[in-house]
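Asks: This is the content of final_24.csv (CSV, C-alpha atoms and all ligand atoms):
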```
chain,number,residue,atom,x,y,z
A,23,MET,CA,11.2,-2.3,-6.4
A,24,LEU,CA,13.7,-3.2,-3.6
A,25,VAL,CA,16.5,-0.6,-3.2
A,26,LEU,CA,19.6,-1.0,-1.1
A,27,GLY,CA,20.7,2.5,0.1
A,28,ILE,CA,24.3,3.3,1.1
A,29,GLU,CA,25.4,6.5,2.9
A,30,THR,CA,29.1,7.2,3.6
A,31,SER,CA,29.4,11.0,3.0
A,32,CYS,CA,30.7,11.9,6.4
A,33,ASP,CA,31.0,10.1,9.8
A,34,GLU,CA,28.1,7.7,9.7
A,35,THR,CA,28.0,4.4,7.8
A,36,GLY,CA,24.3,4.0,6.9
A,37,VAL,CA,22.7,1.1,5.0
A,38,ALA,CA,18.9,0.6,4.4
A,39,LEU,CA,16.5,-1.4,2.4
A,40,PHE,CA,13.5,0.5,0.9
A,41,ASP,CA,10.7,-1.2,-0.9
A,42,SER,CA,8.6,1.0,-3.2
A,43,ASP,CA,5.4,-0.9,-2.2
A,44,LEU,CA,6.1,-1.8,1.4
A,45,GLY,CA,8.2,1.1,2.6
A,46,LEU,CA,11.3,0.9,4.8
A,47,LEU,CA,12.2,-2.7,5.6
A,48,ALA,CA,15.5,-2.3,7.5
A,49,ASP,CA,17.8,0.6,8.4
A,50,GLU,CA,21.2,0.1,10.0
A,51,LEU,CA,23.6,2.8,11.2
A,52,TYR,CA,27.1,2.7,12.4
A,53,SER,CA,28.2,6.0,13.9
A,54,GLN,CA,31.9,6.9,14.1
A,55,VAL,CA,31.3,9.3,16.9
A,56,ALA,CA,33.6,7.5,19.4
A,57,LEU,CA,36.4,7.4,16.8
A,58,HIS,CA,36.4,11.1,16.1
A,59,ALA,CA,35.5,12.3,19.6
A,60,GLN,CA,39.1,12.3,20.8
A,61,TYR,CA,40.0,14.7,18.0
A,62,GLY,CA,37.1,17.1,18.6
A,63,GLY,CA,35.7,16.7,15.1
A,64,VAL,CA,35.7,14.5,12.0
A,65,VAL,CA,39.1,13.4,10.7
A,66,PRO,CA,38.4,12.7,7.0
A,67,GLU,CA,41.1,10.0,6.5
A,68,LEU,CA,39.9,8.1,9.6
A,69,ALA,CA,36.3,8.3,8.4
A,70,SER,CA,37.2,6.7,5.0
A,71,ARG,CA,39.1,3.9,6.7
A,72,ASP,CA,36.3,3.1,9.0
A,73,HIS,CA,33.7,3.1,6.3
A,74,ILE,CA,35.8,0.5,4.5
A,75,ARG,CA,35.8,-1.7,7.6
A,76,LYS,CA,32.1,-1.4,8.4
A,77,LEU,CA,30.2,-1.1,5.1
A,78,ILE,CA,30.0,-4.8,3.9
A,79,PRO,CA,29.2,-6.3,7.3
A,80,LEU,CA,26.5,-3.6,7.7
A,81,CYS,CA,25.0,-4.5,4.3
A,82,GLN,CA,24.9,-8.1,5.4
A,83,GLU,CA,23.3,-7.2,8.7
A,84,THR,CA,20.7,-5.0,6.9
A,85,LEU,CA,19.7,-7.8,4.5
A,86,ARG,CA,19.6,-10.3,7.4
A,87,LYS,CA,17.2,-8.1,9.4
A,88,ALA,CA,14.9,-7.7,6.4
A,89,GLY,CA,15.0,-11.4,5.6
A,90,LYS,CA,16.4,-10.6,2.2
A,91,SER,CA,19.3,-11.7,0.1
A,92,LEU,CA,21.4,-9.9,-2.6
A,93,ASP,CA,19.3,-11.7,-5.2
A,94,ASP,CA,16.2,-9.9,-4.0
A,95,LEU,CA,17.7,-6.4,-4.8
A,96,SER,CA,16.3,-4.4,-7.7
A,97,ALA,CA,18.8,-1.6,-7.5
A,98,VAL,CA,21.5,0.1,-5.4
A,99,ALA,CA,21.5,3.7,-4.4
A,100,TYR,CA,24.6,5.4,-3.0
A,101,THR,CA,25.5,8.9,-1.9
A,102,ALA,CA,27.7,10.5,-4.6
A,103,GLY,CA,28.0,14.0,-2.9
A,104,PRO,CA,28.3,16.5,-1.5
A,105,GLY,CA,30.6,15.3,1.3
A,106,LEU,CA,34.1,14.2,2.2
A,107,MET,CA,35.7,12.8,-1.0
A,108,GLY,CA,37.4,9.8,0.5
A,109,ALA,CA,34.4,8.8,2.5
A,110,LEU,CA,32.1,9.2,-0.5
A,111,LEU,CA,34.4,7.1,-2.7
A,112,VAL,CA,34.0,4.1,-0.3
A,113,GLY,CA,30.2,4.0,-0.6
A,114,ALA,CA,30.0,4.9,-4.3
A,115,THR,CA,32.7,2.5,-5.4
A,116,PHE,CA,31.2,-0.4,-3.4
A,117,GLY,CA,27.6,0.5,-4.3
A,118,ARG,CA,28.2,0.9,-8.0
A,119,SER,CA,30.4,-2.2,-8.2
A,120,LEU,CA,27.8,-4.3,-6.3
A,121,ALA,CA,25.1,-3.2,-8.7
A,122,TRP,CA,27.3,-4.0,-11.7
A,123,GLY,CA,28.2,-7.4,-10.3
A,124,LEU,CA,24.5,-8.2,-9.7
A,125,GLY,CA,23.5,-6.9,-13.1
A,126,ILE,CA,21.0,-4.4,-11.6
A,127,PRO,CA,20.7,-0.6,-12.0
A,128,ALA,CA,22.5,1.9,-9.7
A,129,VAL,CA,21.6,5.5,-8.9
A,130,ALA,CA,23.9,8.3,-7.6
A,131,VAL,CA,22.1,10.2,-4.8
A,132,HIS,CA,22.6,13.8,-3.8
A,133,HIS,CA,23.0,13.8,0.0
A,134,MET,CA,21.0,17.1,0.5
A,135,GLU,CA,18.2,16.0,-1.8
A,136,ALA,CA,18.0,12.8,0.3
A,137,HIS,CA,17.8,14.9,3.5
A,138,LEU,CA,15.1,17.0,1.8
A,139,LEU,CA,13.0,14.0,1.0
A,140,ALA,CA,13.6,12.2,4.3
A,141,PRO,CA,10.4,13.7,5.9
A,142,LEU,CA,8.4,12.0,3.2
A,143,ILE,CA,9.5,8.5,4.0
A,144,ASP,CA,6.9,7.4,6.5
A,145,GLN,CA,5.2,10.7,7.4
A,146,THR,CA,2.3,12.7,5.8
A,147,GLN,CA,3.3,13.9,2.4
A,148,PRO,CA,3.3,17.7,2.0
A,149,PRO,CA,1.5,19.0,-1.1
A,150,LEU,CA,3.6,20.5,-3.9
A,151,PRO,CA,5.0,23.1,-4.0
A,152,PHE,CA,6.6,23.3,-0.6
A,153,ILE,CA,9.5,25.3,1.0
A,154,ALA,CA,12.4,23.3,2.4
A,155,LEU,CA,14.7,24.5,5.2
A,156,LEU,CA,17.8,22.4,4.9
A,157,VAL,CA,19.9,22.7,8.1
A,158,SER,CA,22.9,20.3,8.4
A,159,GLY,CA,26.5,20.3,9.3
A,160,GLY,CA,27.6,21.6,5.9
A,161,HIS,CA,24.5,23.4,4.5
A,162,THR,CA,21.9,26.0,5.5
A,163,GLN,CA,19.5,26.6,2.6
A,164,LEU,CA,15.9,27.6,1.9
A,165,VAL,CA,14.7,25.9,-1.3
A,166,GLU,CA,11.4,26.1,-3.1
A,167,VAL,CA,10.5,22.6,-4.2
A,168,ALA,CA,8.1,22.2,-7.2
A,169,GLY,CA,8.8,18.5,-7.6
A,170,LEU,CA,11.6,15.9,-7.5
A,171,GLY,CA,14.7,17.6,-8.8
A,172,ASP,CA,12.9,20.9,-9.4
A,173,TYR,CA,14.5,23.2,-6.9
A,174,ARG,CA,14.8,27.0,-6.7
A,175,LEU,CA,17.3,28.3,-4.2
A,176,LEU,CA,15.7,31.1,-2.1
A,177,GLY,CA,18.6,31.7,0.3
A,178,GLU,CA,21.6,30.1,1.9
A,179,SER,CA,24.3,30.7,4.4
A,180,LEU,CA,27.1,33.0,3.2
A,181,ASP,CA,29.6,31.4,5.6
A,182,ASP,CA,29.1,28.7,8.3
A,183,ALA,CA,26.2,26.3,8.2
A,184,ALA,CA,23.8,26.2,11.2
A,185,GLY,CA,25.0,22.8,12.3
A,186,GLU,CA,28.6,23.8,11.9
A,187,ALA,CA,27.9,26.9,14.2
A,188,PHE,CA,26.4,24.5,16.8
A,189,ASP,CA,29.5,22.3,16.6
A,190,LYS,CA,31.9,25.2,17.0
A,191,ALA,CA,30.0,26.9,19.8
A,192,ALA,CA,29.9,23.5,21.6
A,193,LYS,CA,33.7,23.2,21.2
A,194,MET,CA,34.1,26.7,22.8
A,195,LEU,CA,32.1,25.5,25.7
A,196,ASP,CA,34.0,22.3,26.0
A,197,LEU,CA,30.9,20.3,25.4
A,198,GLY,CA,32.7,17.8,23.1
A,199,TYR,CA,31.8,16.2,19.8
A,200,PRO,CA,29.1,15.9,18.4
A,201,GLY,CA,28.4,19.5,19.2
A,202,GLY,CA,24.8,20.0,18.2
A,203,PRO,CA,23.0,17.5,20.4
A,204,ASN,CA,25.4,18.2,23.3
A,205,LEU,CA,24.8,21.9,23.2
A,206,ALA,CA,21.1,21.4,22.9
A,207,ARG,CA,21.1,19.2,26.0
A,208,CYS,CA,23.3,21.7,28.0
A,209,ALA,CA,21.0,24.6,26.9
A,210,GLU,CA,17.9,22.9,28.5
A,211,SER,CA,18.9,24.2,32.0
A,212,GLY,CA,20.1,27.6,30.7
A,213,ASP,CA,18.6,31.0,31.6
A,214,PRO,CA,17.4,32.6,28.3
A,215,GLN,CA,17.4,36.1,29.9
A,216,ARG,CA,21.0,36.3,31.0
A,217,PHE,CA,22.7,36.8,27.6
A,218,ARG,CA,21.2,38.2,24.4
A,219,PHE,CA,23.0,37.1,21.2
A,220,PRO,CA,22.6,38.8,17.8
A,221,ARG,CA,20.2,37.4,15.2
A,222,PRO,CA,22.4,37.8,12.1
A,223,MET,CA,21.1,39.3,8.9
A,224,THR,CA,17.5,39.6,10.1
A,225,ASP,CA,17.5,43.4,10.1
A,226,ARG,CA,17.8,43.5,6.3
A,227,PRO,CA,15.7,42.0,3.6
A,228,GLY,CA,16.5,38.7,1.9
A,229,LEU,CA,16.7,35.0,2.7
A,230,ASP,CA,20.4,34.5,3.1
A,231,PHE,CA,22.0,33.5,6.4
A,232,SER,CA,25.3,34.2,8.2
A,233,PHE,CA,26.5,32.5,11.3
A,234,SER,CA,30.1,33.4,11.6
A,235,GLY,CA,29.4,36.7,13.5
A,236,LEU,CA,27.4,34.7,16.0
A,237,LYS,CA,30.4,32.4,16.4
A,238,THR,CA,32.7,35.4,17.3
A,239,PHE,CA,30.1,36.8,19.6
A,240,THR,CA,29.9,33.4,21.4
A,241,LEU,CA,33.7,33.3,21.7
A,242,ASN,CA,33.8,36.8,23.2
A,243,THR,CA,31.1,35.9,25.7
A,244,VAL,CA,33.0,32.7,26.7
A,245,LYS,CA,36.2,34.7,27.1
A,246,ALA,CA,34.5,37.4,29.2
A,247,SER,CA,32.9,34.8,31.5
A,248,GLU,CA,36.0,32.6,32.1
A,249,PRO,CA,36.5,30.5,34.2
A,250,LEU,CA,33.2,29.0,33.2
A,251,THR,CA,30.9,27.3,35.7
A,252,ASP,CA,28.3,24.7,34.5
A,253,GLU,CA,25.7,27.5,34.9
A,254,ASP,CA,27.6,29.8,32.6
A,255,ARG,CA,27.9,27.1,30.0
A,256,ALA,CA,24.2,26.4,30.1
A,257,ASP,CA,23.3,30.1,29.9
A,258,ILE,CA,25.6,30.7,27.0
A,259,ALA,CA,24.4,27.5,25.2
A,260,ARG,CA,20.8,28.6,25.7
A,261,ALA,CA,21.5,32.2,24.4
A,262,PHE,CA,23.3,30.7,21.4
A,263,GLU,CA,20.5,28.2,20.6
A,264,GLU,CA,17.8,30.9,21.0
A,265,ALA,CA,19.7,33.1,18.5
A,266,VAL,CA,20.1,30.4,15.9
A,267,VAL,CA,16.5,29.2,16.2
A,268,ASP,CA,15.1,32.8,16.1
A,269,THR,CA,17.2,33.5,13.0
A,270,LEU,CA,16.0,30.4,11.2
A,271,ILE,CA,12.4,31.1,12.1
A,272,ILE,CA,12.5,34.7,10.9
A,273,LYS,CA,13.9,33.6,7.5
A,274,CYS,CA,11.3,30.7,7.2
A,275,ARG,CA,8.5,33.1,7.9
A,276,ARG,CA,9.8,35.5,5.3
A,277,ALA,CA,10.2,32.7,2.8
A,278,VAL,CA,6.5,31.6,3.4
A,279,GLU,CA,5.3,35.2,3.0
A,280,GLN,CA,7.4,35.9,-0.1
A,281,THR,CA,6.4,32.7,-2.0
A,282,LYS,CA,2.9,32.4,-0.6
A,283,VAL,CA,3.6,28.7,-0.1
A,284,PRO,CA,2.3,27.7,3.3
A,285,HIS,CA,4.0,24.3,3.6
A,286,LEU,CA,7.5,24.0,5.2
A,287,VAL,CA,9.7,20.8,5.3
A,288,VAL,CA,12.5,21.0,7.8
A,289,ALA,CA,15.3,18.6,7.2
A,290,GLY,CA,19.0,17.8,8.0
A,291,GLY,CA,20.7,17.2,11.3
A,292,VAL,CA,19.6,20.4,13.0
A,293,SER,CA,16.0,19.6,12.3
A,294,ALA,CA,16.3,17.2,15.2
A,295,ASN,CA,16.6,20.2,17.5
A,296,VAL,CA,13.6,20.2,19.8
A,297,ARG,CA,13.5,23.9,20.5
A,298,LEU,CA,13.6,24.6,16.8
A,299,ARG,CA,10.6,22.4,16.3
A,300,GLU,CA,8.6,23.9,19.2
A,301,ARG,CA,9.3,27.4,18.2
A,302,LEU,CA,8.5,26.8,14.5
A,303,GLU,CA,5.2,25.3,15.4
A,304,ALA,CA,4.3,28.3,17.6
A,305,ASN,CA,5.6,31.0,15.2
A,306,LEU,CA,4.9,30.0,11.7
A,307,ASP,CA,1.7,30.3,9.8
A,308,ALA,CA,2.3,27.2,7.8
A,309,SER,CA,2.0,23.4,8.0
A,310,ILE,CA,5.4,22.0,9.0
A,311,TYR,CA,6.8,18.6,8.2
A,312,TYR,CA,9.9,16.8,9.7
A,313,ALA,CA,11.4,13.4,9.4
A,314,ALA,CA,11.3,11.1,12.4
A,315,PRO,CA,14.3,12.2,14.7
A,316,ARG,CA,16.5,9.3,13.8
A,317,LEU,CA,16.1,10.1,10.1
A,318,CYS,CA,17.0,13.8,10.5
A,319,THR,CA,20.8,13.1,10.9
A,320,ASP,CA,22.7,11.0,8.3
A,321,ASN,CA,21.3,7.6,7.5
A,322,GLY,CA,20.9,5.0,4.7
A,323,ALA,CA,17.1,5.1,4.7
A,324,MET,CA,17.0,8.6,3.1
A,325,ILE,CA,19.5,7.5,0.4
A,326,ALA,CA,17.5,4.3,-0.4
A,327,TYR,CA,14.2,6.4,-0.5
A,328,ALA,CA,15.6,9.3,-2.7
A,329,GLY,CA,17.3,6.8,-5.0
A,330,CYS,CA,14.1,4.8,-5.3
A,331,GLN,CA,12.2,7.9,-6.4
A,332,ARG,CA,14.7,8.7,-9.1
A,333,LEU,CA,14.9,5.0,-10.2
A,334,LEU,CA,11.2,4.9,-10.6
A,335,LEU,CA,11.4,7.8,-13.0
A,336,GLY,CA,14.1,6.0,-15.0
A,337,GLU,CA,17.3,7.5,-13.7
A,338,ARG,CA,20.4,5.3,-13.9
A,339,ALA,CA,24.0,5.9,-12.9
A,340,PRO,CA,26.6,5.3,-15.6
A,341,LEU,CA,29.3,2.7,-15.0
A,342,ALA,CA,31.9,5.4,-14.6
A,343,ILE,CA,31.7,6.4,-10.9
A,344,ASP,CA,31.4,10.1,-10.3
A,345,THR,CA,31.6,11.6,-6.7
A,346,ARG,CA,31.5,15.3,-5.9
A,347,ALA,CA,32.7,17.0,-2.8
A,348,ARG,CA,30.7,20.0,-3.8
A,349,TRP,CA,27.4,19.7,-5.7
A,350,PRO,CA,24.8,22.5,-5.7
A,351,ILE,CA,21.3,21.0,-5.2
A,352,THR,CA,20.1,23.4,-8.0
A,353,GLU,CA,22.2,21.5,-10.5
A,354,LEU,CA,20.0,18.4,-10.1
A,355,GLY,CA,17.7,17.8,-13.0
A,356,ILE,CA,14.2,16.4,-13.0
A,357,PRO,CA,14.6,12.6,-13.7
A,358,GLY,CA,13.5,11.9,-17.3
A,359,GLY,CA,13.3,15.7,-17.9
A,360,SER,CA,15.6,17.7,-20.0
B,401,LIG,O1,22.6,16.2,8.4
B,401,LIG,P1,23.7,15.8,9.3
B,401,LIG,O2,23.7,14.5,10.1
B,401,LIG,O3,25.1,15.7,8.6
B,401,LIG,C1,25.4,16.6,7.5
B,401,LIG,O4,24.9,16.3,6.4
B,401,LIG,O5,26.1,17.6,7.8
B,401,LIG,O6,23.9,17.0,10.3
B,401,LIG,C2,24.8,17.0,11.3
B,401,LIG,C3,24.7,18.4,12.0
B,401,LIG,C4,25.9,18.5,13.0
B,401,LIG,O7,26.4,19.8,12.9
B,401,LIG,C5,25.1,18.4,14.4
B,401,LIG,O8,25.8,19.1,15.4
B,401,LIG,C6,23.8,18.9,14.0
B,401,LIG,O9,23.5,18.5,12.7
B,401,LIG,N1,22.8,18.4,15.0
B,401,LIG,C7,22.1,19.2,15.9
B,401,LIG,C8,21.2,18.4,16.6
B,401,LIG,N2,21.4,17.1,16.2
B,401,LIG,C9,22.4,17.2,15.2
B,401,LIG,N3,22.1,20.6,16.0
B,401,LIG,C10,21.3,21.1,17.0
B,401,LIG,N4,20.5,20.3,17.8
B,401,LIG,C11,20.4,19.0,17.6
B,401,LIG,N5,19.6,18.3,18.4
B,402,ZN,ZN,23.7,14.9,6.2
```
Would it be possible to restate this file's structure as structure tokens?
Replies:
Amino acid sequence: MLVLGIETSCDETGVALFDSDLGLLADELYSQVALHAQYGGVVPELASRDHIRKLIPLCQETLRKAGKSLDDLSAVAYTAGPGLMGALLVGATFGRSLAWGLGIPAVAVHHMEAHLLAPLIDQTQPPLPFIALLVSGGHTQLVEVAGLGDYRLLGESLDDAAGEAFDKAAKMLDLGYPGGPNLARCAESGDPQRFRFPRPMTDRPGLDFSFSGLKTFTLNTVKASEPLTDEDRADIARAFEEAVVDTLIIKCRRAVEQTKVPHLVVAGGVSANVRLRERLEANLDASIYYAAPRLCTDNGAMIAYAGCQRLLLGERAPLAIDTRARWPITELGIPGGS
């Protein structure tokens, strides 16, 4: 089965071709970073307009790179949510219409399920059940995964997502957009001993997260240290990164102990963070699985892959296009199940 995957939920236009027998054949990404950088964050209206411009040429390029044509496609998978509504509508409308025109099935993919499955694309498969730490710009969740669509939420952020906290802290430090990777780079030369930031909600039981207090703490530290030197920036970035990483690790360790499931999949944009990976490896008594770094952040490959898994189990999107800005992962059913 050859599946065309389309991702347009935020600020990346992603298109990929996944073959159920041969694996990933092509994977093209157009990032809108330069477009949004001047505004310090994603401008939803501009994101939608840019997806419209880039999507069809990117599909053509993806097919060309794989040496395939539209006639070779078995199905089309598109992100239906969660995400920015206007941006989602571009990929969903195009993807569903393309499938209808070609007379092939389509499948509506949940963006966070696609992140969750991304480490399975071309890496060693974790045994079931496993725990998933989903850390992206919009979500921070711990989920117990018993199978495709069989998800139990163990804990989640009560306010900001980890990626969002990275982005906001980067903005306070004038590190620009996209914040996460910039802050991580700046933190490399920082002194981890100079500032000690709080590890929110780690002193009480439970698996929920909160990052908004850390944001306030960062802002207060920035204000108290102004005018900032490059060294101040690096030290604050380092203290912030250490605090987020520590907090995530403490909760992951707790989730593993509580469920007695010793397999952890880490997915979403923040899973590209090198310090998080190093510290997890050193501090967790579990086998850990990640996607290749370029498949951690938004991409079309994870949509093609997740869509393919659901299509193989018989799932089909109806002709009426349904996109959802909010869509809890626990509402997903097991394909073919009741
Ligand atoms: O999964 P993703 O690409 O998009 C969403 O679904 O939200 O995640 C993007 C988030 C952004 O907040 C970005 O700052 C963060 O992931 N991120 C990172 C790193 N790379 C991306 N955060 C920390 N360290 C990184 N290396
Ligand atoms: Zn994402």
Asks: Extract, using only C-alpha atoms, all DNA, RNA and protein residues at most 12 Å from segment 56-68 of chain A, discarding same-chain residues fewer than 2 positions from it, and format them as a short mmCIF file (atom, residue, chain, number, x, y, z; two decimals) with C-alpha atoms, in the frame of the given file.
Replies:
```cif
data_model
loop_
_atom_site.label_atom_id
_atom_site.label_comp_id
_atom_site.auth_asym_id
_atom_site.auth_seq_id
_atom_site.Cartn_x
_atom_site.Cartn_y
_atom_site.Cartn_z
CA THR A 30 29.10 7.20 3.60
CA SER A 31 29.40 11.00 3.00
CA CYS A 32 30.70 11.90 6.40
CA ASP A 33 31.00 10.10 9.80
CA GLU A 34 28.10 7.70 9.70
CA TYR A 52 27.10 2.70 12.40
CA SER A 53 28.20 6.00 13.90
CA GLN A 54 31.90 6.90 14.10
CA SER A 70 37.20 6.70 5.00
CA ARG A 71 39.10 3.90 6.70
CA ASP A 72 36.30 3.10 9.00
CA HIS A 73 33.70 3.10 6.30
CA ILE A 74 35.80 0.50 4.50
CA ARG A 75 35.80 -1.70 7.60
CA GLY A 105 30.60 15.30 1.30
CA LEU A 106 34.10 14.20 2.20
CA MET A 107 35.70 12.80 -1.00
CA GLY A 108 37.40 9.80 0.50
CA ALA A 109 34.40 8.80 2.50
CA LEU A 110 32.10 9.20 -0.50
CA LEU A 111 34.40 7.10 -2.70
CA VAL A 112 34.00 4.10 -0.30
CA GLY A 159 26.50 20.30 9.30
CA GLU A 186 28.60 23.80 11.90
CA ASP A 189 29.50 22.30 16.60
CA LYS A 190 31.90 25.20 17.00
CA ALA A 192 29.90 23.50 21.60
CA LYS A 193 33.70 23.20 21.20
CA MET A 194 34.10 26.70 22.80
CA ASP A 196 34.00 22.30 26.00
CA LEU A 197 30.90 20.30 25.40
CA GLY A 198 32.70 17.80 23.10
CA TYR A 199 31.80 16.20 19.80
CA PRO A 200 29.10 15.90 18.40
CA GLY A 201 28.40 19.50 19.20
CA GLY A 202 24.80 20.00 18.20
#
```
Asks: Using only C-alpha atoms, can you tell me which of A:Thr162, A:Asn204, A:Thr35, A:Thr281 comes closest to Thr84 of chain A?
Replies: A:Thr35
Asks: Can you pull out the residues contacting segment 240-247 of chain A? Cut-off 10 Å, using all atoms listed in the file, and skip same-chain residues under 6 positions away; I want them as a list in words.
Replies: Ala187, Lys190, Ala191, Ala192, Met194, Leu195, Phe217, Phe219, Pro220, Ser234, Asp254, Arg255, Ile258, Ala259, Ala261 and Phe262 of chain A
Asks: Of the residues A:Asp182, A:Glu210, A:Glu248, A:Asp320, which is the one nearest to ligand ZN 402 (chain B), using all atoms listed in the file?
Replies: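 Going through A:Asp182, A:Glu210, A:Glu248, A:Asp320 one by one, the smallest distance to ligand ZN 402 (chain B) is for A:Asp320.
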Asks: Within 9 Å of ligand ZN 402 (chain B), which residues show up when you count all atoms listed in the file? List them as a PyMOL selection string, please.
Replies: chain A and resi 31-32+105+133-134+136-137+157-161+290-291+318-321
Asks: For Leu92 of chain A, work out the shell of residues within 9 Å, counting only C-alpha atoms and skipping chain neighbours fewer than 2 positions away, then give it as number ranges by chain.
Replies: A: 82, 85, 90, 94-95, 124
Asks: Nearest residue to Gly355 of chain A out of A:Arg174, A:Arg316, A:Arg276, A:Lys282, using all atoms listed in the file?
Replies: A:Arg174
Asks: Atom CA of Gly212 of chain A to atom CA of Arg297 of chain A: how many Å, to one decimal?
Replies: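 Atom CA of Gly212 of chain A sits 12.7 Å away from atom CA of Arg297 of chain A.
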Asks: Could you check which of A:Trp122, A:Trp349, A:Tyr173, A:Phe188 is closest to ligand LIG 401 (chain B), using all atoms listed in the file?
Replies: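 Selected residue with least distance to ligand LIG 401 (chain B): A:Phe188.
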Asks: Which of these, A:Leu317, A:Ala294, A:Leu46, A:Cys330, has the shortest distance to ligand LIG 401 (chain B) once you count all atoms listed in the file?
Replies: A:Ala294
Asks: For ligand LIG 401 (chain B), I'd like the enclosing box, axis-aligned and padded by 6 Å on every side, reported as JSON with centre and edge lengths in Å to one decimal.
Replies:
```
{"center_x": 23.0, "center_y": 17.8, "center_z": 12.4, "size_x": 18.8, "size_y": 18.6, "size_z": 24.0}
```
